[in-house]
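Source file: target_2.txt; contents: compact mmCIF, C-alpha atoms.
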```txt
# COMPACT_ATOMS: atom_id res chain seq x y z
CA MET A 1 167.86 176.10 -18.94
CA ALA A 2 165.10 173.93 -20.37
CA SER A 3 163.77 174.81 -23.75
CA PRO A 4 160.05 175.68 -23.75
CA SER A 5 159.69 173.96 -27.08
CA SER A 6 160.14 170.68 -25.23
CA THR A 7 156.66 171.23 -23.77
CA ASN A 8 155.15 170.71 -27.22
CA SER A 9 155.88 166.98 -27.23
CA PRO A 10 153.31 164.59 -28.71
CA ALA A 11 152.41 163.47 -25.18
CA LEU A 12 151.03 166.88 -24.24
CA ARG A 13 147.57 168.06 -25.16
CA ASP A 14 147.73 171.00 -27.51
CA GLY A 15 145.05 172.81 -29.47
CA GLN A 16 144.51 175.01 -32.49
CA ASP A 17 144.50 178.67 -31.53
CA PHE A 18 141.63 180.64 -33.05
CA PRO A 19 139.96 177.46 -34.42
CA ASN A 20 136.89 179.23 -35.83
CA GLN A 21 139.00 181.70 -37.80
CA THR A 22 141.27 178.91 -39.03
CA ARG A 23 138.33 176.88 -40.28
CA ALA A 24 136.96 180.01 -41.93
CA MET A 25 140.16 180.45 -43.96
CA PHE A 26 139.99 176.90 -45.32
CA GLY A 27 136.23 177.17 -45.84
CA ARG A 28 136.56 180.33 -47.91
CA ALA A 29 139.23 178.72 -50.03
CA GLY A 30 136.99 175.72 -50.67
CA TRP A 31 133.93 177.75 -51.65
CA ILE A 32 135.98 180.00 -53.91
CA LEU A 33 137.38 176.99 -55.74
CA VAL A 34 133.88 175.52 -56.18
CA VAL A 35 132.50 178.79 -57.56
CA ASP A 36 135.56 179.15 -59.76
CA ALA A 37 135.02 175.71 -61.27
CA VAL A 38 131.33 176.34 -61.90
CA VAL A 39 131.92 179.69 -63.58
CA TYR A 40 134.66 178.26 -65.77
CA TRP A 41 132.55 175.25 -66.74
CA ASN A 42 129.63 177.48 -67.78
CA SER A 43 131.65 180.02 -69.76
CA ALA A 44 134.70 178.22 -71.16
CA ALA A 45 133.02 177.00 -74.33
CA GLU A 46 131.79 180.45 -75.38
CA TYR A 47 134.59 182.61 -73.95
CA PRO A 48 137.64 180.35 -73.55
CA GLY A 49 140.27 183.07 -73.17
CA PRO A 50 138.50 185.32 -70.62
CA ALA A 51 137.17 182.29 -68.74
CA ALA A 52 140.66 180.88 -68.32
CA ALA A 53 142.05 184.23 -67.20
CA LEU A 54 139.24 184.68 -64.67
CA CYS A 55 139.73 181.12 -63.45
CA VAL A 56 143.41 181.76 -62.71
CA VAL A 57 142.69 185.01 -60.84
CA VAL A 58 139.98 183.46 -58.69
CA ALA A 59 142.15 180.38 -58.02
CA LEU A 60 144.91 182.67 -56.75
CA ILE A 61 142.45 184.20 -54.29
CA ALA A 62 141.65 180.70 -53.04
CA VAL A 63 145.37 179.96 -52.71
CA PHE A 64 145.71 183.12 -50.62
CA PHE A 65 143.10 181.89 -48.13
CA LEU A 66 144.65 178.41 -48.11
CA GLY A 67 147.98 180.03 -47.28
CA LEU A 68 146.42 181.98 -44.40
CA GLY A 69 144.86 178.79 -43.05
CA TRP A 70 148.17 176.94 -43.29
CA TRP A 71 149.97 179.82 -41.55
CA MET A 72 147.47 179.80 -38.69
CA VAL A 73 147.95 176.04 -38.22
CA ARG A 74 151.73 176.41 -38.39
CA SER A 75 151.57 179.29 -35.87
CA SER A 76 149.79 177.05 -33.35
CA LYS A 77 151.88 173.94 -33.93
CA SER A 78 155.38 175.42 -33.92
CA GLY A 79 155.41 179.19 -34.27
CA LYS A 80 154.20 179.98 -30.78
CA GLN A 81 156.90 177.73 -29.34
CA GLU A 82 159.48 180.05 -30.87
CA LEU A 83 157.82 182.97 -29.12
CA TYR A 84 157.82 181.04 -25.83
CA ASP A 85 161.58 180.64 -26.26
CA SER A 86 162.03 184.38 -26.69
CA ILE A 87 159.78 185.16 -23.71
CA LEU A 88 161.71 182.81 -21.43
CA GLU A 89 164.98 184.28 -22.60
CA LEU A 90 163.72 187.69 -21.50
CA ALA A 91 162.43 186.22 -18.23
CA ALA A 92 165.87 184.86 -17.25
CA ILE A 93 164.35 182.57 -14.60
CA GLU A 94 166.79 181.65 -11.82
CA GLY A 95 164.76 178.92 -10.12
CA SER A 96 163.16 180.29 -6.95
CA GLU A 97 160.63 182.71 -8.41
CA LYS A 98 156.90 182.95 -7.81
CA ILE A 99 155.41 183.21 -11.31
CA LEU A 100 151.94 184.10 -12.55
CA ASP A 101 150.97 183.19 -16.14
CA VAL A 102 147.81 185.11 -17.07
CA GLY A 103 145.60 183.56 -19.74
CA CYS A 104 147.54 180.31 -19.52
CA GLY A 105 145.36 178.27 -21.88
CA LEU A 106 146.53 174.67 -22.11
CA GLY A 107 149.52 175.54 -19.94
CA LEU A 108 152.41 175.19 -22.39
CA LEU A 109 154.13 178.44 -21.38
CA SER A 110 153.36 177.78 -17.70
CA ILE A 111 154.94 174.34 -18.03
CA ALA A 112 158.02 175.77 -19.71
CA GLU A 113 158.39 178.21 -16.82
CA ALA A 114 157.89 175.48 -14.21
CA LYS A 115 160.57 173.31 -15.82
CA GLN A 116 163.13 176.01 -15.06
CA LEU A 117 162.25 176.20 -11.37
CA LYS A 118 163.94 174.50 -8.44
CA THR A 119 162.05 175.83 -5.43
CA GLY A 120 159.70 178.31 -7.08
CA LYS A 121 156.06 177.93 -8.08
CA VAL A 122 153.91 178.86 -11.08
CA ILE A 123 150.22 179.73 -11.03
CA GLY A 124 148.44 179.62 -14.38
CA VAL A 125 145.22 181.61 -14.37
CA GLY A 126 142.62 181.54 -17.13
CA THR A 127 138.96 181.36 -18.15
CA TRP A 128 139.36 178.57 -20.74
CA ASP A 129 137.28 179.79 -23.68
CA GLN A 130 137.14 177.02 -26.30
CA ALA A 131 136.18 179.54 -29.00
CA GLN A 132 139.76 180.79 -28.75
CA VAL A 133 141.67 177.52 -28.51
CA SER A 134 140.31 174.05 -29.27
CA ARG A 135 140.45 171.52 -26.40
CA TYR A 136 140.82 174.58 -24.16
CA THR A 137 139.95 173.30 -20.66
CA ALA A 138 141.49 173.52 -17.22
CA GLU A 139 141.44 169.71 -17.02
CA ASN A 140 143.61 169.42 -20.13
CA ALA A 141 146.01 172.03 -18.75
CA ARG A 142 146.35 170.07 -15.50
CA GLU A 143 146.85 166.85 -17.42
CA ASN A 144 149.63 168.54 -19.42
CA ALA A 145 151.36 169.56 -16.19
CA LYS A 146 151.22 165.97 -14.92
CA LEU A 147 152.55 164.58 -18.19
CA ALA A 148 155.38 167.11 -18.15
CA GLY A 149 156.32 166.15 -14.60
CA VAL A 150 155.79 169.62 -13.11
CA GLY A 151 152.51 169.07 -11.27
CA ASP A 152 154.21 169.84 -7.94
CA LYS A 153 155.47 173.21 -9.20
CA LEU A 154 152.41 174.38 -11.11
CA ARG A 155 148.72 174.84 -10.43
CA PHE A 156 145.90 176.24 -12.55
CA GLU A 157 143.12 178.49 -11.28
CA ASN A 158 140.07 180.19 -12.74
CA GLY A 159 140.48 183.92 -12.56
CA ASP A 160 139.21 187.30 -13.64
CA LEU A 161 141.74 189.34 -15.62
CA LEU A 162 140.11 192.53 -14.34
CA LYS A 163 140.51 191.57 -10.68
CA LEU A 164 143.28 189.09 -10.02
CA GLY A 165 142.77 187.42 -6.65
CA TYR A 166 146.32 187.88 -5.36
CA PRO A 167 147.88 190.43 -3.00
CA ASP A 168 149.95 193.39 -4.11
CA GLY A 169 153.60 192.66 -4.90
CA HIS A 170 153.22 188.88 -4.71
CA PHE A 171 155.00 187.60 -7.85
CA ASP A 172 158.56 187.88 -9.13
CA LEU A 173 157.47 187.33 -12.73
CA VAL A 174 154.13 187.82 -14.50
CA THR A 175 153.64 186.64 -18.08
CA SER A 176 150.73 186.82 -20.52
CA PHE A 177 150.62 185.44 -24.05
CA MET A 178 148.04 186.55 -26.65
CA THR A 179 145.34 187.12 -24.03
CA VAL A 180 144.71 190.76 -23.08
CA HIS A 181 143.69 191.90 -26.58
CA ARG A 182 140.66 189.58 -26.38
CA LEU A 183 139.06 192.10 -24.01
CA ALA A 184 136.96 194.25 -26.32
CA GLU A 185 137.12 197.54 -24.41
CA ALA A 186 140.33 199.58 -24.09
CA ARG A 187 139.47 200.40 -20.47
CA ASP A 188 139.23 196.69 -19.66
CA ARG A 189 142.57 195.98 -21.32
CA ALA A 190 144.13 198.80 -19.32
CA GLN A 191 142.61 197.42 -16.10
CA ALA A 192 143.97 193.94 -16.83
CA VAL A 193 147.45 195.36 -17.35
CA ARG A 194 147.19 197.39 -14.15
CA GLU A 195 146.22 194.24 -12.26
CA MET A 196 149.23 192.34 -13.59
CA TYR A 197 151.48 195.21 -12.56
CA ARG A 198 149.82 195.44 -9.13
CA VAL A 199 150.61 191.82 -8.19
CA LEU A 200 154.22 192.18 -9.35
CA LYS A 201 156.93 192.66 -6.73
CA PRO A 202 159.15 195.76 -6.85
CA GLY A 203 162.06 194.76 -9.07
CA GLY A 204 159.94 192.05 -10.69
CA LYS A 205 159.37 191.60 -14.41
CA LEU A 206 156.19 191.68 -16.49
CA LEU A 207 156.21 190.17 -20.00
CA ILE A 208 153.14 190.55 -22.23
CA HIS A 209 153.07 189.24 -25.80
CA ASP A 210 150.05 190.76 -27.53
CA PRO A 211 148.87 192.60 -30.67
CA GLU A 212 148.12 195.67 -28.53
CA ALA A 213 151.41 195.74 -26.64
CA SER A 214 152.18 199.35 -27.60
CA GLU A 215 148.85 200.38 -26.05
CA TYR A 216 149.84 198.78 -22.74
CA ARG A 217 153.19 200.55 -22.72
CA GLN A 218 151.39 203.85 -22.21
CA VAL A 219 149.41 202.43 -19.29
CA LEU A 220 152.54 201.10 -17.57
CA THR A 221 154.54 204.27 -18.15
CA LYS A 222 151.83 206.20 -16.30
CA LEU A 223 152.10 203.71 -13.44
CA GLY A 224 155.79 204.56 -13.10
CA ALA A 225 157.34 201.36 -14.41
CA ASN A 226 161.14 201.58 -14.30
CA THR A 227 161.83 200.00 -17.69
CA VAL A 228 159.35 199.50 -20.54
CA SER A 229 160.50 198.11 -23.89
CA LEU A 230 158.96 196.50 -26.96
CA SER A 231 160.34 193.69 -29.12
CA ASN A 232 160.25 193.58 -32.91
CA GLN A 233 157.00 192.61 -34.59
CA SER A 234 156.06 188.96 -35.07
CA TYR A 235 153.33 187.80 -37.45
CA LEU A 236 151.74 184.61 -36.18
CA TRP A 237 148.04 183.80 -36.76
CA ALA A 238 148.03 186.46 -39.49
CA VAL A 239 148.23 189.25 -36.91
CA SER A 240 151.08 191.50 -35.85
CA SER A 241 152.16 191.26 -32.21
CA GLN A 242 155.02 192.27 -29.92
CA THR A 243 156.47 191.37 -26.53
CA LEU A 244 156.26 194.11 -23.92
CA SER A 245 158.98 193.81 -21.27
CA VAL A 246 158.53 195.76 -18.05
CA LYS A 247 160.54 196.03 -14.85
CA LYS A 248 158.76 197.39 -11.79
```
Could you write out this file's structure as structure tokens?
Amino acid sequence: MASPSSTNSPALRDGQDFPNQTRAMFGRAGWILVVDAVVYWNSAAEYPGPAAALCVVVALIAVFFLGLGWWMVRSSKSGKQELYDSILELAAIEGSEKILDVGCGLGLLSIAEAKQLKTGKVIGVGTWDQAQVSRYTAENARENAKLAGVGDKLRFENGDLLKLGYPDGHFDLVTSFMTVHRLAEARDRAQAVREMYRVLKPGGKLLIHDPEASEYRQVLTKLGANTVSLSNQSYLWAVSSQTLSVKK
């Protein structure tokens, strides 16, 4: 079984997840340090003790935001690869499956899935919002597939999470990584989950890693899913998330 972490080689195009939020963490840290220095400079001569104490407290706040920024970068560069490993372990791909990866982004999980196939195929479907992941384009995803040598087993398509353009019971495995929660309305998230379940074959497996995974468990239980389980919490990108594993 190929390790999904191998898809994160320097040759592949990767991006920073949640780039705006990551920049905001570093930006806050920078402004806090500037303000801290100005306040200390203006008050140290007259109130040396309190000024020093205040300087230390404010500097610690800046360090906190720097730490969050570093954690978000680390989450994108290596942390998510660890989650891909755990998802593929749950998937237990045999080699002939039809797989749908919903919200595929730059295709790293899709590529990891394709590398484990012999005769099967993967479809990565997405909308490619660059506000969520930098360099987030379908062209970069396709280029990644070519560089990884799985272009014949994997294709990328634009798609609507609320109405997947595939027939009922078409896929052996459906995966989704940190995508569904981006839908603002609970009813839309529920519809997206129902669509993923709809295109899944009887006996197939659905794996969703998401901050709102426990919410989706209720939706799938109502649909009559045979097995619904949740993993332990993970804390990448400064948010708590879980993997929902479902058998139809």
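Each of A:Glu215, A:Glu195, A:Asp210, A:Asp160 was compared to Ile87 (chain A) using only C-alpha atoms, and A:Asp210 turns out to be the nearest.
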For CA of Trp128 (chain A) and CA of Val193 (chain A), the interatomic separation in Å (one decimal):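 Here the two named atoms are 18.9 Å from each other.
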Quick one: residues within 10 Å of Pro167 (chain A), only C-alpha atoms, excluding same-chain residues fewer than 5 positions away - as a PyMOL selection string? chain A and resi 198-200
Could you jot down the CA of Met25 (chain A) to CA of Leu60 (chain A) separation for me, Å, one decimal place? 13.8 Å
Env of region 68-76 of chain A: 6 Å cut, atoms = only C-alpha atoms, seq-sep filter 3 positions within chain, self excluded. Answer as a PyMOL selection string. chain A and resi 16-17+22+25-26+65+79-80+236-237
List every residue of region 184-247 of chain A that has an atom at most 10 Å from any atom of region 93-103 of chain A, and for each one report the closest atom pair and its distance in Å to one decimal, counting all atoms listed in the file, with rows sorted by chain and then by increasing residue number, as a Markdown table.
```
| residue | atom | partner | partner_atom | distance |
| --- | --- | --- | --- | --- |
| A:Ala192 | CA | A:Val102 | CA | 9.6 |
| A:Met196 | CA | A:Val102 | CA | 8.1 |
| A:Val199 | CA | A:Leu100 | CA | 9.0 |
| A:Leu200 | CA | A:Leu100 | CA | 9.0 |
| A:Lys201 | CA | A:Lys98 | CA | 9.8 |
| A:Gly204 | CA | A:Glu97 | CA | 9.6 |
| A:Lys205 | CA | A:Ile99 | CA | 9.8 |
| A:Leu206 | CA | A:Leu100 | CA | 9.5 |
| A:Leu207 | CA | A:Asp101 | CA | 9.5 |
| A:Ile208 | CA | A:Val102 | CA | 9.2 |
```
Who sits within 8 Å of Cys104 (chain A), all atoms listed in the file, same chain under 5 positions skipped, as a list in words: Leu109, Ser110, Gly124, Val125, Gly126, Ser176 and Phe177 of chain A
Counting all atoms listed in the file, the residue of A:Cys55, A:Val39, A:Val239, A:Leu66 that sits nearest Ala24 (chain A):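 Ranked by minimum distance to Ala24 (chain A), first place goes to A:Leu66.
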Taking all atoms listed in the file into account, name the residue in A:Thr137, A:Gln21, A:Asn144, A:Ser43 that is nearest to Ala112 (chain A).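 Nearest to Ala112 (chain A): A:Asn144.
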Could you make a table, as a Markdown table, of the residues of region 129-207 of chain A that have an atom within 8 Å of an atom of region 120-123 of chain A, each with its nearest atom pair and distance in Å to one decimal, counting all atoms listed in the file, in chain and number order?
```
| residue | atom | partner | partner_atom | distance |
| --- | --- | --- | --- | --- |
| A:Lys153 | CA | A:Lys121 | CA | 4.9 |
| A:Leu154 | CA | A:Val122 | CA | 4.7 |
| A:Arg155 | CA | A:Ile123 | CA | 5.1 |
| A:Phe156 | CA | A:Ile123 | CA | 5.8 |
| A:Glu157 | CA | A:Ile123 | CA | 7.2 |
```
Of the residues A:Lys146, A:Lys163, A:Arg217, A:His170, which is the one nearest to Gln191 (chain A), using all atoms listed in the file?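 Closest candidate: A:Lys163.
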Rank nothing, just name the residue among A:Ile111, A:Leu220, A:Leu161, A:Ala59 nearest to Leu183 (chain A), using all atoms listed in the file. A:Leu161
In Å and to one decimal, CA of Thr243 (chain A) is distant from CA of Leu230 (chain A) by 5.7 Å
Given all atoms listed in the file as the counted atoms, nearest of A:Lys77, A:Lys248, A:Arg189, A:His209 to Thr221 (chain A):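 With all atoms listed in the file as the atom set, the closest residue is A:Lys248.
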I'd like the contact shell of Leu88 (chain A) - 9 Å cut-off, all atoms listed in the file, skipping same-chain residues fewer than 2 positions apart - returned as a tab-separated table (two decimals) with C-alpha atoms, keeping the file's coordinate frame.
```
chain	number	residue	atom	x	y	z
A	3	SER	CA	163.77	174.81	-23.75
A	4	PRO	CA	160.05	175.68	-23.75
A	83	LEU	CA	157.82	182.97	-29.12
A	84	TYR	CA	157.82	181.04	-25.83
A	85	ASP	CA	161.58	180.64	-26.26
A	86	SER	CA	162.03	184.38	-26.69
A	90	LEU	CA	163.72	187.69	-21.50
A	91	ALA	CA	162.43	186.22	-18.23
A	92	ALA	CA	165.87	184.86	-17.25
A	93	ILE	CA	164.35	182.57	-14.60
A	109	LEU	CA	154.13	178.44	-21.38
A	112	ALA	CA	158.02	175.77	-19.71
A	113	GLU	CA	158.39	178.21	-16.82
```
Edge lengths and centre, in Å to one decimal, as JSON: that's what I need for the box along x, y and z that holds all listed atoms of region 121-128 of chain A plus 3 Å on each side.
```
{"center_x": 147.5, "center_y": 179.8, "center_z": -14.4, "size_x": 23.1, "size_y": 9.7, "size_z": 18.7}
```
